[in-house]
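Listing of upload.cif; format and content: mmCIF, C-alpha atoms and all ligand atoms.
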data_upload
#
loop_
_atom_site.label_atom_id
_atom_site.label_comp_id
_atom_site.auth_asym_id
_atom_site.auth_seq_id
_atom_site.Cartn_x
_atom_site.Cartn_y
_atom_site.Cartn_z
CA MET A 16 0.00 0.00 0.00
CA THR A 17 1.36 3.45 -0.84
CA THR A 18 0.93 6.36 1.54
CA ALA A 19 -1.65 7.82 -0.82
CA ASP A 20 -4.07 4.87 -0.49
CA LYS A 21 -3.65 4.57 3.24
CA LEU A 22 -6.67 5.66 5.23
CA ILE A 23 -5.74 8.34 7.76
CA ASP A 24 -8.07 7.54 10.62
CA LEU A 25 -8.21 10.19 13.33
CA ARG A 26 -11.41 9.01 15.00
CA SER A 27 -9.64 7.25 17.86
CA ASP A 28 -6.36 5.68 18.93
CA THR A 29 -8.24 2.36 19.11
CA VAL A 30 -8.06 1.95 15.32
CA THR A 31 -4.39 0.92 15.13
CA ALA A 32 -3.65 -2.43 13.52
CA PRO A 33 -0.95 -4.71 14.98
CA THR A 34 2.37 -4.35 13.21
CA LYS A 35 4.30 -7.22 11.64
CA ALA A 36 6.67 -7.34 14.61
CA MET A 37 3.74 -7.50 17.03
CA ARG A 38 2.04 -10.22 14.99
CA ALA A 39 5.29 -12.20 15.00
CA VAL A 40 5.46 -12.32 18.82
CA MET A 41 1.76 -13.22 18.92
CA ALA A 42 2.28 -16.09 16.51
CA SER A 43 5.12 -17.57 18.55
CA ALA A 44 3.75 -16.95 22.06
CA PRO A 45 3.75 -19.93 24.44
CA VAL A 46 0.17 -20.49 25.60
CA GLY A 47 -1.87 -22.54 28.06
CA ASP A 48 -5.33 -22.46 29.60
CA ASP A 49 -5.54 -19.16 31.44
CA VAL A 50 -8.73 -20.11 33.30
CA TYR A 51 -6.51 -22.75 34.99
CA GLY A 52 -3.89 -20.00 35.48
CA GLU A 53 -1.63 -21.92 33.10
CA ASP A 54 -0.98 -19.49 30.28
CA PRO A 55 2.67 -18.46 30.72
CA THR A 56 2.33 -15.43 28.48
CA VAL A 57 -0.72 -14.07 30.30
CA ASN A 58 1.03 -14.72 33.63
CA ARG A 59 4.08 -12.85 32.38
CA LEU A 60 2.01 -9.89 31.17
CA GLU A 61 0.11 -9.68 34.47
CA ALA A 62 3.34 -9.79 36.48
CA GLN A 63 4.97 -7.23 34.23
CA ALA A 64 2.04 -4.80 34.46
CA ALA A 65 1.77 -5.17 38.24
CA GLU A 66 5.46 -4.44 38.63
CA LEU A 67 5.47 -1.53 36.20
CA LEU A 68 2.55 0.17 37.96
CA GLY A 69 3.72 -0.74 41.46
CA PHE A 70 0.96 -3.15 42.51
CA GLU A 71 0.96 -6.64 44.03
CA ALA A 72 -1.05 -8.21 41.25
CA ALA A 73 -2.90 -7.71 37.97
CA VAL A 74 -5.57 -9.46 35.95
CA PHE A 75 -5.85 -9.48 32.16
CA ALA A 76 -9.26 -8.57 30.74
CA PRO A 77 -10.53 -8.40 27.17
CA SER A 78 -11.51 -4.72 27.35
CA GLY A 79 -11.10 -1.59 29.43
CA THR A 80 -14.82 -1.58 30.09
CA GLN A 81 -14.48 -4.97 31.74
CA SER A 82 -11.40 -4.13 33.78
CA ASN A 83 -13.06 -0.98 35.13
CA LEU A 84 -16.15 -3.03 35.96
CA LEU A 85 -13.99 -5.61 37.75
CA ALA A 86 -12.67 -2.81 39.97
CA LEU A 87 -16.13 -1.40 40.67
CA LEU A 88 -17.55 -4.84 41.47
CA SER A 89 -14.59 -5.70 43.69
CA TYR A 90 -14.91 -2.54 45.82
CA CYS A 91 -18.65 -1.95 45.88
CA GLN A 92 -21.46 -4.14 47.16
CA ARG A 93 -25.11 -3.81 46.19
CA GLY A 94 -26.29 -0.35 47.32
CA ASP A 95 -22.79 1.10 47.57
CA GLU A 96 -22.00 4.25 45.62
CA TYR A 97 -19.11 5.37 43.45
CA ILE A 98 -18.36 9.03 42.79
CA VAL A 99 -17.36 9.64 39.21
CA GLY A 100 -17.21 12.28 36.45
CA GLN A 101 -20.35 13.06 34.49
CA GLN A 102 -18.42 12.50 31.26
CA ALA A 103 -16.28 9.67 32.66
CA HIS A 104 -15.94 6.49 30.66
CA THR A 105 -16.83 4.40 33.72
CA TYR A 106 -20.10 6.30 34.10
CA LYS A 107 -21.20 7.39 30.64
CA TYR A 108 -19.60 5.03 28.16
CA GLU A 109 -19.88 1.62 29.76
CA GLY A 110 -23.58 0.98 29.26
CA GLY A 111 -24.43 1.59 32.91
CA GLY A 112 -22.74 -1.74 33.70
CA ALA A 113 -22.00 -0.87 37.33
CA ALA A 114 -25.71 -0.32 37.98
CA VAL A 115 -26.98 -3.11 35.73
CA LEU A 116 -24.57 -5.80 36.84
CA GLY A 117 -23.45 -4.64 40.28
CA SER A 118 -26.42 -2.71 41.71
CA ILE A 119 -23.84 0.01 42.36
CA VAL A 120 -25.18 3.56 42.56
CA PRO A 121 -23.32 6.17 40.51
CA GLN A 122 -22.89 9.69 41.88
CA PRO A 123 -21.71 11.64 38.84
CA LEU A 124 -20.19 15.13 39.21
CA GLU A 125 -19.08 17.57 36.51
CA PHE A 126 -15.40 17.42 35.69
CA GLU A 127 -13.45 20.64 36.24
CA ALA A 128 -11.91 22.32 33.19
CA ASP A 129 -8.63 20.48 33.86
CA GLY A 130 -10.20 17.01 33.88
CA SER A 131 -10.11 16.63 37.66
CA LEU A 132 -13.03 16.26 40.08
CA SER A 133 -13.16 19.05 42.65
CA LEU A 134 -12.37 17.40 45.98
CA GLU A 135 -14.57 19.96 47.70
CA ARG A 136 -17.53 18.88 45.54
CA VAL A 137 -16.69 15.24 46.12
CA ARG A 138 -16.70 15.95 49.85
CA GLN A 139 -20.16 17.51 49.56
CA ALA A 140 -21.39 14.47 47.61
CA ILE A 141 -20.24 11.90 50.17
CA LYS A 142 -23.31 10.59 51.97
CA PRO A 143 -23.52 10.49 55.75
CA ASP A 144 -23.83 7.07 57.37
CA ASP A 145 -27.63 7.05 57.45
CA ILE A 146 -30.20 4.47 56.33
CA HIS A 147 -31.59 6.95 53.78
CA PHE A 148 -28.45 6.91 51.69
CA ALA A 149 -26.36 4.69 49.53
CA ARG A 150 -22.94 4.03 51.09
CA SER A 151 -20.26 6.20 49.45
CA ARG A 152 -17.49 3.73 48.87
CA LEU A 153 -15.29 4.59 45.89
CA LEU A 154 -13.90 7.61 44.07
CA CYS A 155 -13.09 7.04 40.44
CA LEU A 156 -10.76 9.35 38.49
CA GLU A 157 -9.73 9.26 34.84
CA ASN A 158 -6.22 10.10 33.54
CA THR A 159 -5.90 11.23 30.86
CA GLN A 160 -9.42 12.69 30.81
CA GLY A 161 -10.29 13.71 27.26
CA GLY A 162 -6.53 13.89 26.73
CA LYS A 163 -6.03 16.13 29.76
CA VAL A 164 -3.24 15.11 32.11
CA LEU A 165 -4.05 15.37 35.83
CA SER A 166 -1.36 17.10 37.90
CA LEU A 167 0.74 14.96 40.24
CA ASP A 168 -0.10 17.34 43.05
CA TYR A 169 -3.83 16.75 42.50
CA LEU A 170 -3.32 12.98 42.55
CA GLN A 171 -1.43 13.25 45.83
CA ARG A 172 -4.22 15.36 47.34
CA SER A 173 -6.87 12.94 46.06
CA ALA A 174 -5.12 10.03 47.75
CA VAL A 175 -4.96 11.86 51.08
CA PHE A 176 -8.60 12.90 50.66
CA ALA A 177 -9.76 9.37 49.85
CA GLY A 178 -7.91 8.05 52.89
CA GLU A 179 -9.50 10.64 55.17
CA HIS A 180 -12.97 9.81 53.89
CA LYS A 181 -12.48 6.03 53.77
CA LEU A 182 -13.10 5.91 50.04
CA ALA A 183 -11.26 3.49 47.81
CA LEU A 184 -9.56 5.28 44.91
CA HIS A 185 -9.68 3.80 41.40
CA LEU A 186 -8.06 5.20 38.29
CA ASP A 187 -9.44 4.60 34.84
CA GLY A 188 -6.01 4.79 33.27
CA ALA A 189 -6.96 3.77 29.75
CA ARG A 190 -4.40 6.39 28.64
CA VAL A 191 -2.29 6.71 31.78
CA PHE A 192 0.88 6.10 29.74
CA ASN A 193 0.07 9.23 27.71
CA ALA A 194 -0.03 11.11 31.03
CA ALA A 195 3.29 9.63 32.20
CA VAL A 196 5.02 10.41 28.91
CA SER A 197 3.61 13.97 28.91
CA GLN A 198 4.86 14.59 32.44
CA GLN A 199 8.12 12.74 31.82
CA VAL A 200 7.64 10.60 34.91
CA SER A 201 7.46 6.84 35.38
CA VAL A 202 3.89 5.56 35.25
CA ALA A 203 4.32 4.35 38.86
CA GLU A 204 4.66 7.96 39.98
CA ILE A 205 1.07 8.43 38.87
CA THR A 206 -0.36 5.06 39.84
CA GLN A 207 1.19 4.98 43.35
CA HIS A 208 -1.67 7.18 44.57
CA PHE A 209 -4.41 4.67 43.71
CA ASP A 210 -5.83 1.46 45.18
CA SER A 211 -6.43 0.14 41.69
CA VAL A 212 -5.69 1.18 38.13
CA SER A 213 -7.03 -0.11 34.86
CA ILE A 214 -4.91 0.33 31.73
CA CYS A 215 -5.72 -0.24 28.05
CA LEU A 216 -3.31 -1.97 25.70
CA SER A 217 -5.49 -1.28 22.68
CA LYS A 218 -5.32 2.53 22.58
CA GLY A 219 -2.07 4.36 21.97
CA LEU A 220 -0.06 1.25 22.84
CA GLY A 221 -1.27 -0.41 19.65
CA ALA A 222 -2.27 -3.91 20.77
CA PRO A 223 -5.36 -5.38 19.09
CA LEU A 224 -7.17 -5.79 22.40
CA GLY A 225 -6.69 -6.21 26.10
CA SER A 226 -6.66 -4.36 29.36
CA LEU A 227 -5.27 -4.98 32.83
CA LEU A 228 -6.60 -4.22 36.26
CA CYS A 229 -3.80 -3.74 38.79
CA ALA A 230 -4.47 -3.75 42.54
CA SER A 231 -3.67 -5.60 45.77
CA GLN A 232 -3.51 -9.39 45.68
CA GLU A 233 -6.74 -9.53 47.68
CA HIS A 234 -8.66 -7.40 45.18
CA ILE A 235 -7.30 -9.22 42.19
CA VAL A 236 -8.52 -12.52 43.65
CA GLN A 237 -12.02 -11.02 43.80
CA ALA A 238 -11.64 -9.45 40.37
CA ARG A 239 -10.78 -12.87 38.89
CA ARG A 240 -14.02 -14.30 40.23
CA TRP A 241 -15.98 -11.41 38.69
CA ARG A 242 -14.09 -11.76 35.42
CA LYS A 243 -15.12 -15.41 35.18
CA MET A 244 -18.72 -14.51 35.97
CA LEU A 245 -18.75 -11.80 33.29
CA GLY A 246 -17.48 -14.22 30.69
CA GLY A 247 -14.00 -12.71 30.55
CA GLY A 248 -12.15 -15.90 31.49
CA MET A 249 -10.25 -16.65 28.30
CA ARG A 250 -8.35 -19.81 27.46
CA GLN A 251 -5.17 -19.57 25.33
CA ALA A 252 -5.21 -15.81 25.76
CA GLY A 253 -1.42 -15.68 25.61
CA ILE A 254 -1.76 -15.12 21.91
CA VAL A 255 -3.11 -11.64 22.61
CA ALA A 256 -1.25 -11.11 25.89
CA ALA A 257 1.94 -11.40 23.81
CA ALA A 258 0.84 -8.29 21.91
CA GLY A 259 0.38 -6.56 25.26
CA ILE A 260 3.91 -7.43 26.38
CA TYR A 261 5.24 -6.19 23.06
CA ALA A 262 3.22 -2.97 23.46
CA LEU A 263 4.50 -2.29 26.99
CA GLU A 264 8.08 -2.93 25.92
CA ASN A 265 8.08 -1.02 22.64
CA ASN A 266 5.23 1.44 22.38
CA VAL A 267 5.23 3.50 25.57
CA GLU A 268 8.03 6.00 24.92
CA ARG A 269 6.87 6.58 21.38
CA LEU A 270 3.58 8.10 22.66
CA ALA A 271 5.63 11.33 22.74
CA GLU A 272 5.49 11.27 18.94
CA ASP A 273 1.69 11.18 19.05
CA HIS A 274 1.74 14.22 21.32
CA GLN A 275 4.11 16.01 18.92
CA HIS A 276 1.81 15.15 16.03
CA ALA A 277 -1.16 16.57 17.93
CA SER A 278 0.79 19.82 18.47
CA GLN A 279 1.80 19.82 14.81
CA LEU A 280 -1.86 19.50 13.86
CA VAL A 281 -2.88 22.41 16.11
CA LEU A 282 -0.11 24.54 14.66
CA GLY A 283 -1.14 23.65 11.10
CA LEU A 284 -4.82 24.41 11.70
CA ALA A 285 -4.07 27.62 13.64
CA ASP A 286 -4.16 30.02 10.71
CA ILE A 287 -7.41 28.73 9.20
CA ASP A 288 -10.28 31.21 9.68
CA GLY A 289 -13.30 29.47 11.16
CA VAL A 290 -11.36 26.76 12.99
CA GLU A 291 -10.39 26.94 16.66
CA THR A 292 -8.19 24.21 18.02
CA LEU A 293 -6.71 22.97 21.24
CA ALA A 294 -4.51 19.93 21.98
CA HIS A 295 -4.28 17.75 25.09
CA SER A 296 -1.70 14.96 24.86
CA ASN A 297 -2.77 12.93 21.79
CA MET A 298 -6.14 14.61 21.27
CA VAL A 299 -6.95 17.69 19.27
CA PHE A 300 -10.31 19.38 19.62
CA ALA A 301 -11.29 21.54 16.66
CA LYS A 302 -14.35 23.78 16.54
CA VAL A 303 -15.32 23.78 12.90
CA GLY A 304 -18.61 25.72 12.80
CA ILE A 305 -21.91 24.72 11.21
CA VAL A 306 -20.65 24.19 7.64
CA GLY A 307 -17.73 22.18 8.95
CA GLN A 308 -20.04 20.09 11.07
CA LYS A 309 -22.25 19.31 8.08
CA GLN A 310 -19.74 18.81 5.29
CA LEU A 311 -16.22 18.35 6.60
CA PRO A 312 -16.37 14.62 7.48
CA GLU A 313 -17.57 13.68 3.98
CA PHE A 314 -15.10 16.06 2.29
CA LEU A 315 -12.20 14.54 4.25
CA HIS A 316 -13.44 11.02 3.62
CA GLN A 317 -13.08 11.68 -0.11
CA ARG A 318 -9.42 12.44 0.62
CA GLY A 319 -8.93 9.25 2.61
CA ILE A 320 -9.21 10.93 6.01
CA ARG A 321 -11.71 9.73 8.59
CA ILE A 322 -12.91 11.90 11.46
CA SER A 323 -15.84 11.78 13.85
CA GLY A 324 -18.48 14.44 13.25
CA GLY A 325 -19.71 17.20 15.52
CA GLU A 326 -19.37 20.93 15.94
CA THR A 327 -16.23 20.29 17.96
CA ILE A 328 -14.44 17.36 16.41
CA ARG A 329 -11.98 15.20 18.27
CA LEU A 330 -8.90 14.25 16.27
CA VAL A 331 -6.78 11.55 17.87
CA THR A 332 -3.18 10.85 16.91
CA HIS A 333 -1.71 7.36 17.26
CA LEU A 334 0.79 4.77 16.09
CA ASP A 335 -0.56 4.72 12.53
CA ILE A 336 -0.45 8.52 12.04
CA SER A 337 2.82 9.98 10.75
CA ALA A 338 4.00 13.58 10.54
CA GLN A 339 3.38 13.34 6.80
CA ASP A 340 -0.21 12.23 7.45
CA VAL A 341 -0.69 15.28 9.67
CA SER A 342 0.52 17.51 6.82
CA LEU A 343 -2.00 15.89 4.48
CA VAL A 344 -4.77 16.48 7.00
CA VAL A 345 -3.80 20.14 7.43
CA ALA A 346 -3.77 20.61 3.64
CA ALA A 347 -7.21 19.01 3.32
CA PHE A 348 -8.63 21.25 6.08
CA LYS A 349 -7.16 24.31 4.31
CA ASP A 350 -8.77 23.30 1.02
CA PHE A 351 -12.12 22.77 2.67
CA PHE A 352 -12.15 26.09 4.48
CA ALA A 353 -10.81 27.98 1.42
CA ALA A 354 -13.77 26.62 -0.57
CA ASN A 355 -16.32 27.14 2.20
CA ALA A 356 -15.20 30.45 3.75
C1 LIG A 401 -11.30 3.28 25.76
C2 LIG A 401 -11.51 3.66 27.16
C3 LIG A 401 -11.85 2.71 28.12
C4 LIG A 401 -12.05 1.25 27.80
O1 LIG A 401 -12.74 1.01 26.66
P1 LIG A 401 -12.83 -0.41 25.93
O2 LIG A 401 -13.25 -0.03 24.58
O3 LIG A 401 -13.83 -1.19 26.68
O4 LIG A 401 -11.48 -1.05 25.99
C5 LIG A 401 -11.99 3.13 29.41
N1 LIG A 401 -11.80 4.40 29.75
C6 LIG A 401 -11.46 5.35 28.87
C7 LIG A 401 -11.23 6.74 29.33
C8 LIG A 401 -11.31 5.01 27.54
O5 LIG A 401 -10.98 5.94 26.66
#

Turn this file's structure into structure tokens for me.
Amino acid sequence: MTTADKLIDLRSDTVTAPTKAMRAVMASAPVGDDVYGEDPTVNRLEAQAAELLGFEAAVFAPSGTQSNLLALLSYCQRGDEYIVGQQAHTYKYEGGGAAVLGSIVPQPLEFEADGSLSLERVRQAIKPDDIHFARSRLLCLENTQGGKVLSLDYLQRSAVFAGEHKLALHLDGARVFNAAVSQQVSVAEITQHFDSVSICLSKGLGAPLGSLLCASQEHIVQARRWRKMLGGGMRQAGIVAAAGIYALENNVERLAEDHQHASQLVLGLADIDGVETLAHSNMVFAKVGIVGQKQLPEFLHQRGIRISGGETIRLVTHLDISAQDVSLVVAAFKDFFAANA
């Protein structure tokens, strides 16, 4: 395939296809039955993730939705409550699974402009110990949140806060490696503040699928039971876990390139009248106006560029987007807005 026929897909960093090198390690991975705990590659991935994030144990799950749910189900009983962002993945984008499958009550709060939850508002939302109320049990943060990187200081304060209020603290870290690379810290410097963290291998890290929940040994034992119940107990899963190991070993540092490409895109779009842009780690948000909303996705599709629609469009850079691709996208935007000014 030449560069010209390649589809430039900016809808999400989930769209990456495994590379030849990744497929090679998948093809040769030693495997066993992971429900018996006998898949050496899954065991290696779980141990590696736990160590990298600074936890006792980890469990491999097919998706980030499931690994977040495993955390929620492990911390919260029926009638317990978790406090979460209104736009958080674990509240808004997981089909209400915590309520449907766990009888867990969500208490959503608006995110602040920086992607954090105001600890003062969380404090106000915590229910007193009273038979009228659900039991506030867990605080769930997201990092990155819409690409926004939470400050290390905020994470530290959240951990102290959660301890004071006897809340467990979970991080939806689907893109926590983007945060670590942005802040130039080890991922453990971020994850040390949490009781549990879920990470995605299938976003910027470029694996075809897979997620890990990292926590204490005790919680991972419970999470394994829930995983089996939810149908996430996989057999020779080493074939995909191998892609995860490859991703953790090869694709973390390179996330910096995705962030550079996002900045390059913002810079390129900056002088177009009618477009306002902003970048957070690997995500660019572009306000494109009414005409852009109606016609831009189709116009770009004709040029081999895929974007999600909307008045503010989210453009996500990833492993399969090169600097040259970004230049092509900028040129296509310029053509569109020159013709539709
Ligand atoms: C993608 C994502 C997840 C997990 O999604 P799956 O598609 O189930 O793997 C969780 N949280 C956030 C913030 C995400 O972006």

Please identify every polymer residue within 10 Å of ligand LIG 401 (chain A), using all atoms listed in the file, and present the set as a ChimeraX atom specification. /A:27-29,76-84,102-109,156-162,186-191,213-218,224-226

Region 297-312 of chain A: which residues within 6 Å, counting all atoms listed in the file, same-chain residues fewer than 4 positions away excluded, as number ranges by chain? A: 162, 273-274, 277, 290-293, 322, 325-332

Pull the neighbourhood of (-13.1, 9.9, 9.7) for me: all residues within 10 Å in file coordinates, counting all atoms listed in the file, as an MDAnalysis selection string. chainID A and resid 22:27 311:317 319:324 330

From the list A:Asn266, A:Gln339, A:Ser278, A:Ser89, which residue is nearest Phe192 (chain A) when using only C-alpha atoms?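 Nearest candidate to Phe192 (chain A) out of A:Asn266, A:Gln339, A:Ser278, A:Ser89: A:Asn266.
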
Between CA of Leu284 (chain A) and CA of Ala346 (chain A) - distance in Å to one decimal: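 These two atoms are separated by 9.0 Å.
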
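Reported to one decimal place, the separation of CA of Pro121 (chain A) from CA of Arg240 (chain A) is 22.5 Å.
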
For CA of Ala356 (chain A) and CA of Val341 (chain A), determine how far apart the two atoms are, in Å to one decimal place. 21.8 Å

Just want the 7 Å neighbourhood of Asp49 (chain A), counted on all atoms listed in the file, with same-chain residues fewer than 2 positions away dropped. Output as a list in words.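 Counting all atoms listed in the file, the residues come to Gly47, Tyr51, Gly52, Glu53, Asp54, Met249, Arg250, Gln251 and Ala252 of chain A.
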
Residues at most 6 Å from Glu96 (chain A), counting all atoms listed in the file, excluding those fewer than 5 positions away in the same chain, as a PyMOL selection string? chain A and resi 119-121+149-152

Which residue gives the smallest distance to Val40 (chain A) among A:Val115, A:Thr56, A:Glu61, A:His208, with all atoms listed in the file counted? A:Thr56
